[in-house]
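> start_22.cif is reproduced in full below (mmCIF, C-alpha atoms).
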```
data_work
loop_
_atom_site.label_atom_id
_atom_site.label_comp_id
_atom_site.auth_asym_id
_atom_site.auth_seq_id
_atom_site.Cartn_x
_atom_site.Cartn_y
_atom_site.Cartn_z
CA MET A 1 -35.78 11.41 15.21
CA ARG A 2 -33.62 13.61 13.08
CA LEU A 3 -30.53 11.82 14.33
CA SER A 4 -32.00 8.50 13.34
CA ILE A 5 -32.01 9.69 9.74
CA ALA A 6 -28.83 11.71 9.79
CA LEU A 7 -26.67 8.99 11.31
CA PRO A 8 -27.32 6.28 8.71
CA CYS A 9 -26.87 8.88 5.98
CA PHE A 10 -23.56 9.93 7.43
CA LEU A 11 -22.44 6.34 7.88
CA LEU A 12 -23.38 5.55 4.31
CA LEU A 13 -21.42 8.55 3.07
CA THR A 14 -18.30 7.55 4.98
CA LEU A 15 -18.63 3.99 3.72
CA VAL A 16 -18.91 5.17 0.15
CA GLY A 17 -15.93 7.41 0.79
CA CYS A 18 -13.90 4.48 2.04
CA ALA A 19 -14.76 2.15 -0.76
CA GLN A 20 -14.08 4.63 -3.49
CA ASN A 21 -10.89 4.07 -5.41
CA LYS A 22 -9.45 6.77 -7.58
CA TYR A 23 -8.37 4.25 -10.18
CA ASN A 24 -9.54 0.90 -11.37
CA TRP A 25 -6.89 -1.52 -10.03
CA ASN A 26 -8.86 -4.64 -10.80
CA GLY A 27 -7.43 -6.64 -7.90
CA TYR A 28 -3.74 -5.75 -8.45
CA ASP A 29 -3.03 -5.84 -4.71
CA LYS A 30 -4.75 -9.19 -4.25
CA GLY A 31 -2.97 -10.64 -7.30
CA LEU A 32 0.39 -9.49 -5.99
CA TYR A 33 -0.39 -10.89 -2.53
CA ASP A 34 -1.25 -14.26 -4.07
CA ALA A 35 1.97 -14.20 -6.10
CA TYR A 36 4.07 -13.49 -3.00
CA LYS A 37 2.27 -16.24 -1.12
CA ASP A 38 2.62 -18.77 -3.93
CA PRO A 39 5.17 -18.04 -6.69
CA ASN A 40 3.15 -20.24 -9.06
CA GLN A 41 0.60 -17.43 -9.12
CA ILE A 42 3.00 -15.03 -10.89
CA VAL A 43 1.66 -16.12 -14.28
CA ALA A 44 -1.89 -15.41 -13.10
CA LEU A 45 -0.76 -11.95 -11.97
CA GLN A 46 0.84 -11.28 -15.35
CA ILE A 47 -2.31 -12.32 -17.22
CA ARG A 48 -4.47 -10.22 -14.90
CA LEU A 49 -2.30 -7.12 -15.35
CA GLN A 50 -2.27 -7.56 -19.12
CA GLU A 51 -6.06 -7.90 -19.20
CA THR A 52 -6.54 -4.91 -16.88
CA ILE A 53 -4.31 -2.67 -18.97
CA ASP A 54 -5.86 -3.77 -22.26
CA ALA A 55 -9.37 -3.18 -20.94
CA LEU A 56 -8.56 0.24 -19.44
CA GLU A 57 -6.87 1.39 -22.64
CA LYS A 58 -9.81 0.21 -24.70
CA GLU A 59 -12.20 2.19 -22.50
CA LYS A 60 -9.83 5.17 -22.57
CA GLN A 61 -9.49 5.10 -18.80
CA VAL A 62 -6.38 5.99 -16.83
CA VAL A 63 -4.10 3.05 -16.07
CA PRO A 64 -3.20 3.34 -12.33
CA PRO A 65 0.32 4.50 -11.44
CA GLY A 66 2.89 1.72 -11.64
CA LEU A 67 0.79 -0.87 -13.43
CA TYR A 68 2.54 -0.59 -16.81
CA ALA A 69 5.93 -0.92 -15.11
CA GLU A 70 4.83 -3.89 -13.02
CA LEU A 71 3.78 -5.71 -16.16
CA GLY A 72 7.06 -4.72 -17.83
CA THR A 73 9.04 -6.23 -14.94
CA LEU A 74 7.09 -9.50 -15.15
CA TYR A 75 7.97 -9.68 -18.86
CA LEU A 76 11.58 -8.91 -18.05
CA GLN A 77 11.68 -11.75 -15.53
CA GLU A 78 10.58 -14.20 -18.19
CA GLY A 79 13.24 -12.84 -20.56
CA ASN A 80 11.00 -10.83 -22.87
CA ILE A 81 13.13 -7.68 -23.12
CA GLU A 82 11.16 -6.07 -25.96
CA LYS A 83 7.87 -6.23 -24.09
CA ALA A 84 9.54 -5.06 -20.89
CA LYS A 85 10.88 -1.98 -22.69
CA PHE A 86 7.51 -1.38 -24.33
CA TYR A 87 5.68 -1.23 -20.99
CA TYR A 88 8.43 0.75 -19.24
CA ALA A 89 8.07 3.35 -22.01
CA LYS A 90 4.30 3.38 -21.49
CA GLU A 91 4.77 4.01 -17.78
CA ARG A 92 7.17 6.86 -18.53
CA ASP A 93 4.79 8.49 -21.01
CA ALA A 94 1.76 8.15 -18.71
CA TRP A 95 3.47 9.33 -15.49
CA PRO A 96 6.22 11.98 -15.74
CA GLU A 97 7.31 11.19 -12.14
CA SER A 98 8.56 7.82 -13.36
CA LYS A 99 10.68 9.23 -16.17
CA THR A 100 14.10 8.98 -14.47
CA LEU A 101 13.63 5.38 -13.41
CA MET A 102 12.00 4.16 -16.61
CA ASN A 103 14.71 5.74 -18.78
CA VAL A 104 17.42 4.06 -16.70
CA LEU A 105 15.66 0.69 -16.95
CA ILE A 106 15.21 1.01 -20.72
CA LYS A 107 18.81 2.10 -21.21
CA ASN A 108 20.10 -0.81 -19.14
CA LEU A 109 18.02 -3.26 -21.17
CA ASP A 110 19.37 -1.78 -24.41
CA SER A 111 22.97 -2.17 -23.33
CA ARG A 112 22.28 -5.65 -22.02
CA LYS A 113 20.87 -6.57 -25.40
CA GLN A 114 23.95 -5.20 -27.17
CA VAL A 115 26.20 -7.30 -24.96
CA LEU A 116 24.10 -10.36 -25.72
CA GLU A 117 24.21 -9.72 -29.45
CA LYS A 118 27.97 -9.16 -29.42
CA SER A 119 28.52 -12.39 -27.57
CA LYS A 120 26.58 -14.22 -30.27
CA GLN A 121 28.72 -12.84 -33.09
CA MET B 122 -30.20 7.68 26.52
CA LYS B 123 -30.21 11.24 25.26
CA TYR B 124 -27.83 12.37 28.00
CA LEU B 125 -25.59 9.47 27.30
CA LEU B 126 -25.44 10.46 23.66
CA VAL B 127 -24.64 14.09 24.46
CA PHE B 128 -22.03 12.88 26.91
CA PHE B 129 -20.36 10.68 24.33
CA PHE B 130 -20.55 13.35 21.72
CA SER B 131 -18.82 15.93 23.90
CA PHE B 132 -16.21 13.32 24.68
CA GLY B 133 -15.61 12.93 21.00
CA LEU B 134 -15.22 16.67 20.62
CA ILE B 135 -12.73 16.90 23.45
CA GLY B 136 -10.86 13.99 21.95
CA CYS B 137 -10.57 15.85 18.67
CA ALA B 138 -9.57 19.14 20.24
CA THR B 139 -6.62 17.73 22.14
CA VAL B 140 -5.00 16.23 19.07
CA GLN B 141 -2.44 18.77 17.99
CA GLN B 142 -1.99 19.44 14.35
CA LYS B 143 1.60 18.71 13.51
CA ASP B 144 3.94 21.17 11.88
CA MET B 145 3.70 20.57 8.15
CA SER B 146 6.14 23.24 6.96
CA ALA B 147 8.85 20.70 6.08
CA PHE B 148 6.29 18.69 4.14
CA ASN B 149 5.06 21.73 2.26
CA ARG B 150 8.62 22.74 1.42
CA ALA B 151 9.32 19.31 -0.05
CA ALA B 152 5.87 19.11 -1.75
CA PRO B 153 6.45 15.56 -2.99
CA ARG B 154 4.67 14.34 -6.13
CA SER B 155 6.00 10.82 -6.04
CA ILE B 156 6.50 8.29 -3.26
CA LEU B 157 8.84 5.31 -3.30
CA VAL B 158 7.58 2.53 -1.05
CA VAL B 159 10.45 0.31 0.06
CA PRO B 160 10.15 -3.13 1.70
CA ALA B 161 9.17 -2.75 5.36
CA VAL B 162 11.41 -3.20 8.37
CA ASN B 163 10.20 -6.28 10.20
CA LYS B 164 10.22 -6.33 14.00
CA THR B 165 7.91 -9.34 14.18
CA LEU B 166 8.50 -13.08 13.99
CA ASP B 167 6.48 -13.49 10.82
CA VAL B 168 9.01 -13.54 7.98
CA ASP B 169 6.32 -13.09 5.34
CA ALA B 170 4.82 -9.96 6.88
CA PRO B 171 6.95 -7.40 4.91
CA VAL B 172 5.90 -8.54 1.43
CA TYR B 173 2.28 -8.79 2.46
CA VAL B 174 2.37 -5.31 3.96
CA LEU B 175 3.97 -4.04 0.76
CA THR B 176 0.94 -5.09 -1.30
CA THR B 177 -1.40 -3.03 0.90
CA LEU B 178 0.42 0.31 0.54
CA PRO B 179 0.25 1.61 -3.06
CA ILE B 180 -3.54 1.85 -3.49
CA PRO B 181 -4.29 4.15 -0.52
CA LEU B 182 -1.27 6.32 -1.40
CA ALA B 183 -2.41 6.61 -5.02
CA ASN B 184 -5.92 7.42 -3.79
CA LYS B 185 -4.35 10.26 -1.87
CA GLY B 186 -3.09 11.70 -5.15
CA TYR B 187 0.54 10.56 -5.33
CA TYR B 188 2.48 8.80 -8.01
CA VAL B 189 3.53 5.59 -6.28
CA PHE B 190 6.50 3.75 -7.72
CA PRO B 191 5.62 0.19 -8.76
CA ILE B 192 6.27 -1.82 -5.60
CA ASN B 193 7.17 -5.15 -7.17
CA THR B 194 9.46 -3.46 -9.70
CA THR B 195 11.07 -1.52 -6.84
CA LYS B 196 11.57 -4.74 -4.88
CA TYR B 197 13.06 -6.41 -7.97
CA ILE B 198 15.49 -3.54 -8.62
CA LEU B 199 16.61 -3.46 -4.98
CA GLU B 200 17.16 -7.22 -5.05
CA GLN B 201 19.32 -6.85 -8.16
CA GLU B 202 21.45 -4.50 -6.05
CA GLY B 203 21.64 -7.14 -3.32
CA LEU B 204 19.15 -5.37 -1.07
CA TYR B 205 16.57 -7.84 0.21
CA GLU B 206 15.78 -6.88 3.79
CA GLY B 207 13.95 -3.79 4.98
CA ASP B 208 16.59 -3.35 7.71
CA ARG B 209 19.39 -3.14 5.15
CA ILE B 210 17.43 -0.77 2.93
CA ALA B 211 16.64 1.48 5.91
CA THR B 212 20.37 1.98 6.55
CA MET B 213 21.00 3.22 3.01
CA PRO B 214 21.42 7.01 2.72
CA VAL B 215 18.06 8.47 1.68
CA PRO B 216 19.48 10.78 -1.04
CA THR B 217 21.25 7.82 -2.71
CA LEU B 218 18.09 5.75 -2.76
CA ALA B 219 15.88 8.66 -3.86
CA LYS B 220 18.28 9.51 -6.67
CA MET B 221 18.43 5.93 -7.87
CA PHE B 222 14.67 5.98 -8.45
CA GLY B 223 14.12 9.67 -9.09
CA ALA B 224 11.70 9.76 -6.16
CA ASP B 225 10.57 12.90 -4.31
CA ALA B 226 9.98 11.03 -1.07
CA ILE B 227 10.45 7.56 0.43
CA LEU B 228 7.97 5.84 2.70
CA TYR B 229 9.51 3.63 5.37
CA VAL B 230 7.16 1.34 7.23
CA THR B 231 8.16 -0.63 10.32
CA ILE B 232 6.02 -3.58 11.30
CA ASN B 233 5.91 -3.68 15.09
CA ARG B 234 3.12 -6.19 15.47
CA TRP B 235 1.63 -8.82 13.17
CA ASP B 236 0.28 -11.54 15.37
CA ALA B 237 -2.72 -13.53 16.45
CA GLN B 238 -3.30 -14.32 20.10
CA TYR B 239 -5.33 -17.38 20.81
CA ILE B 240 -7.60 -17.66 23.77
CA ILE B 241 -9.69 -20.81 23.96
CA LEU B 242 -12.66 -19.60 21.95
CA SER B 243 -11.56 -16.40 20.34
CA THR B 244 -8.60 -14.93 18.57
CA THR B 245 -7.35 -11.39 18.54
CA VAL B 246 -5.40 -10.37 15.48
CA THR B 247 -3.16 -7.33 15.96
CA VAL B 248 -1.08 -5.24 13.60
CA GLU B 249 0.98 -2.18 14.42
CA PHE B 250 2.98 0.01 12.06
CA ASP B 251 5.30 3.01 12.23
CA TYR B 252 5.15 5.17 9.14
CA LYS B 253 7.91 7.60 8.17
CA LEU B 254 7.90 9.69 5.03
CA VAL B 255 11.31 11.18 4.18
CA ALA B 256 12.01 13.77 1.50
CA ALA B 257 14.72 13.07 -1.08
CA ASP B 258 17.19 15.26 0.85
CA GLY B 259 16.74 13.13 3.98
CA THR B 260 14.37 15.41 5.93
CA VAL B 261 11.62 13.54 7.75
CA ILE B 262 8.41 15.20 6.57
CA TRP B 263 5.64 13.05 8.10
CA THR B 264 5.38 10.32 10.70
CA GLU B 265 2.56 8.32 12.17
CA ASN B 266 1.91 5.17 14.18
CA LYS B 267 -1.10 2.92 14.02
CA LYS B 268 -2.17 -0.13 15.95
CA MET B 269 -5.27 -2.09 15.02
CA ALA B 270 -6.76 -5.15 16.68
CA TYR B 271 -9.59 -7.36 15.62
CA SER B 272 -11.51 -10.10 17.38
CA PRO B 273 -14.08 -11.98 15.36
CA GLN B 274 -17.58 -11.61 16.84
CA ASN B 275 -18.16 -14.35 19.34
CA ASN B 276 -21.20 -13.16 21.22
CA GLN B 277 -23.74 -13.60 18.49
CA GLY B 278 -26.74 -15.60 19.58
CA GLY B 279 -25.08 -16.85 22.73
CA GLY B 280 -25.85 -20.28 24.16
CA LEU B 281 -24.46 -23.43 22.64
CA GLY B 282 -24.97 -22.22 19.07
CA GLY B 283 -22.95 -19.10 19.86
CA LEU B 284 -20.18 -21.15 21.41
CA ILE B 285 -19.93 -23.40 18.40
CA ALA B 286 -19.90 -20.39 16.08
CA ALA B 287 -17.11 -18.87 18.18
CA ALA B 288 -15.14 -22.10 18.07
CA ILE B 289 -15.45 -22.27 14.30
CA SER B 290 -14.49 -18.65 13.90
CA ALA B 291 -11.44 -19.11 16.16
CA ALA B 292 -10.41 -22.20 14.23
CA MET B 293 -10.68 -20.41 10.94
CA THR B 294 -8.70 -17.46 12.17
CA ARG B 295 -6.09 -19.81 13.58
CA ALA B 296 -5.68 -21.57 10.26
CA ALA B 297 -5.25 -18.32 8.35
CA PRO B 298 -5.38 -15.17 10.42
CA ASN B 299 -6.46 -12.48 8.06
CA TYR B 300 -4.11 -9.58 8.57
CA ILE B 301 -4.67 -7.89 5.24
CA PRO B 302 -8.01 -6.12 5.92
CA LEU B 303 -6.57 -4.95 9.23
CA ALA B 304 -3.44 -3.58 7.57
CA GLN B 305 -5.57 -1.95 4.88
CA SER B 306 -7.75 -0.14 7.38
CA ALA B 307 -4.69 0.97 9.36
CA HIS B 308 -3.22 2.58 6.21
CA GLN B 309 -6.61 4.00 5.29
CA GLN B 310 -6.84 5.73 8.65
CA VAL B 311 -3.34 7.19 8.74
CA PHE B 312 -3.23 8.31 5.11
CA LEU B 313 -6.80 9.46 4.56
CA MET B 314 -8.35 10.32 7.93
CA GLY B 315 -7.75 12.29 11.08
CA PRO B 316 -5.90 15.50 11.84
CA ASN B 317 -2.46 14.09 10.96
CA GLN B 318 -3.47 12.54 7.65
CA LEU B 319 -1.08 12.72 4.74
CA PRO B 320 -1.57 15.99 2.81
CA ASP B 321 -3.09 15.61 -0.63
CA GLY B 322 -0.84 14.77 -3.55
CA PRO B 323 -0.89 16.40 -7.00
CA TYR B 324 -3.33 13.95 -8.59
CA ILE B 325 -6.00 14.26 -5.90
CA THR B 326 -8.43 16.33 -7.96
CA GLN B 327 -7.25 15.90 -11.51
CA GLY B 328 -8.81 13.30 -13.71
CA LYS B 329 -5.57 11.42 -13.72
#
```
Kindly present the structure from the file in structure tokens form.

Amino acid sequence: MRLSIALPCFLLLTLVGCAQNKYNWNGYDKGLYDAYKDPNQIVALQIRLQETIDALEKEKQVVPPGLYAELGTLYLQEGNIEKAKFYYAKERDAWPESKTLMNVLIKNLDSRKQVLEKSKQ
Amino acid sequence: MKYLLVFFFSFGLIGCATVQQKDMSAFNRAAPRSILVVPAVNKTLDVDAPVYVLTTLPIPLANKGYYVFPINTTKYILEQEGLYEGDRIATMPVPTLAKMFGADAILYVTINRWDAQYIILSTTVTVEFDYKLVAADGTVIWTENKKMAYSPQNNQGGGLGGLIAAAISAAMTRAAPNYIPLAQSAHQQVFLMGPNQLPDGPYITQGK
């Protein structure tokens, strides 16, 4: 009798435990999977990440580790260096563990820009 | 029924007791805060498996309290350096790679199995991974292996209706075997459950 109550309770608890995410990823993994499966979905991933970040910032919630940088890289791949740098800097400021990498990426983008500008002159 | 339950329960206890807790001193010495997940080494015939596996790794690791380097950005950076395949990346000296990213530890995953076996009316989908976490200095600090198999239910109802349902389910699995939930639950179990689960990272309790 007691077991018949305790067991479902326990099961429910473990299920809740499993489903619980520390952060709100808003389908980042699924979006990335779709983009790897079909490169046409990269734009959809970019829009989704932008929307997720905007919404989390508006609600003053933590943006999950890596999300700012992922969006930055998608901007970089479409040639938007300013936005790439902007989101790399956000990643660095939100997560101190990313500082080394983000600083290198930003520095490289700065020097790349200088080379581009010099070649125009 | 009662005896059976007690019997099973004691079995479970014995099962737990024989699993030896591994030595975690190397892990504790390294005390990583951040984990770099690199593209997996692929031992299967499915060429797409590594990128799909990659997408299933950051969320459980972040749930465990670690800073996880952005996987697609990592992949992009490695590709800029001419490193596309997990095999190539695995041969790179760990300290070089860790320094490049400023990572405390690197997670190497090997995909041993990623397949679907078809038997007339049912399909068994199997995944198997080796996990190896290496500190920035090259010391292996945690390893695990996990194999998971899944066969869609084919005994529901029975009779002709059951057979048809099984045939449909096999056909659907054949068209697109769904490895992702299986991979996710494999990671979930090795990172978050059991005696050899990954120790908690720095963000496990904090609001961040």
> Smallest atom-to-atom distance to chain B: which of A:Lys60, A:Lys90, A:Arg48, A:Lys99, using all atoms listed in the file?
A:Lys99
> Selected by the PyMOL selection byres ((chain A) within 10 of (chain B)) in the shown coordinates: which residues, as a PDB file with C-alpha atoms, in the frame of the given file?

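Saved as selection-v1.pdb:
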```
ATOM      1  CA  CYS A  18     -13.900   4.480   2.040  1.00  0.00           C
ATOM      2  CA  GLN A  20     -14.080   4.630  -3.490  1.00  0.00           C
ATOM      3  CA  ASN A  21     -10.890   4.070  -5.410  1.00  0.00           C
ATOM      4  CA  LYS A  22      -9.450   6.770  -7.580  1.00  0.00           C
ATOM      5  CA  TYR A  23      -8.370   4.250 -10.180  1.00  0.00           C
ATOM      6  CA  ASN A  24      -9.540   0.900 -11.370  1.00  0.00           C
ATOM      7  CA  TRP A  25      -6.890  -1.520 -10.030  1.00  0.00           C
ATOM      8  CA  TYR A  28      -3.740  -5.750  -8.450  1.00  0.00           C
ATOM      9  CA  ASP A  29      -3.030  -5.840  -4.710  1.00  0.00           C
ATOM     10  CA  LYS A  30      -4.750  -9.190  -4.250  1.00  0.00           C
ATOM     11  CA  GLY A  31      -2.970 -10.640  -7.300  1.00  0.00           C
ATOM     12  CA  LEU A  32       0.390  -9.490  -5.990  1.00  0.00           C
ATOM     13  CA  TYR A  33      -0.390 -10.890  -2.530  1.00  0.00           C
ATOM     14  CA  ASP A  34      -1.250 -14.260  -4.070  1.00  0.00           C
ATOM     15  CA  TYR A  36       4.070 -13.490  -3.000  1.00  0.00           C
ATOM     16  CA  LYS A  37       2.270 -16.240  -1.120  1.00  0.00           C
ATOM     17  CA  GLN A  61      -9.490   5.100 -18.800  1.00  0.00           C
ATOM     18  CA  VAL A  62      -6.380   5.990 -16.830  1.00  0.00           C
ATOM     19  CA  VAL A  63      -4.100   3.050 -16.070  1.00  0.00           C
ATOM     20  CA  PRO A  64      -3.200   3.340 -12.330  1.00  0.00           C
ATOM     21  CA  PRO A  65       0.320   4.500 -11.440  1.00  0.00           C
ATOM     22  CA  GLY A  66       2.890   1.720 -11.640  1.00  0.00           C
ATOM     23  CA  LEU A  67       0.790  -0.870 -13.430  1.00  0.00           C
ATOM     24  CA  TYR A  68       2.540  -0.590 -16.810  1.00  0.00           C
ATOM     25  CA  ALA A  69       5.930  -0.920 -15.110  1.00  0.00           C
ATOM     26  CA  GLU A  70       4.830  -3.890 -13.020  1.00  0.00           C
ATOM     27  CA  LEU A  71       3.780  -5.710 -16.160  1.00  0.00           C
ATOM     28  CA  GLY A  72       7.060  -4.720 -17.830  1.00  0.00           C
ATOM     29  CA  THR A  73       9.040  -6.230 -14.940  1.00  0.00           C
ATOM     30  CA  LEU A  74       7.090  -9.500 -15.150  1.00  0.00           C
ATOM     31  CA  GLN A  77      11.680 -11.750 -15.530  1.00  0.00           C
ATOM     32  CA  GLU A  91       4.770   4.010 -17.780  1.00  0.00           C
ATOM     33  CA  ALA A  94       1.760   8.150 -18.710  1.00  0.00           C
ATOM     34  CA  TRP A  95       3.470   9.330 -15.490  1.00  0.00           C
ATOM     35  CA  PRO A  96       6.220  11.980 -15.740  1.00  0.00           C
ATOM     36  CA  GLU A  97       7.310  11.190 -12.140  1.00  0.00           C
ATOM     37  CA  SER A  98       8.560   7.820 -13.360  1.00  0.00           C
ATOM     38  CA  LYS A  99      10.680   9.230 -16.170  1.00  0.00           C
ATOM     39  CA  THR A 100      14.100   8.980 -14.470  1.00  0.00           C
ATOM     40  CA  LEU A 101      13.630   5.380 -13.410  1.00  0.00           C
ATOM     41  CA  MET A 102      12.000   4.160 -16.610  1.00  0.00           C
ATOM     42  CA  VAL A 104      17.420   4.060 -16.700  1.00  0.00           C
ATOM     43  CA  LEU A 105      15.660   0.690 -16.950  1.00  0.00           C
TER      44      LEU A 105
END
```
> Identify all residues satisfying the PyMOL selection byres ((chain A and resi 109-121) around 9) in the given file; provide them as a PyMOL selection string.
chain A and resi 81-82+84-85+104-108
> What does the structure give for the distance between CA of Gly315 in chain B and CA of Trp263 in chain B, in Å to one decimal?
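We find that CA of Gly315 in chain B and CA of Trp263 in chain B lie 13.7 Å from each other.
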> What is the distance, in Å and to one decimal place, between CA of Ala211 in chain B and CA of Trp235 in chain B?
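Going from CA of Ala211 in chain B over to CA of Trp235 in chain B covers 19.6 Å.
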> Please tell me which residues are no farther than 10 Å from (10.1, -9.9, 11.0) in the file, counting all atoms listed in the file, and write them as a list in words.
Ala161, Val162, Asn163, Lys164, Thr165, Leu166, Asp167, Val168, Asp169, Ala170, Pro171, Glu206, Gly207, Asp208, Thr231, Ile232, Asn233, Arg234 and Trp235 of chain B
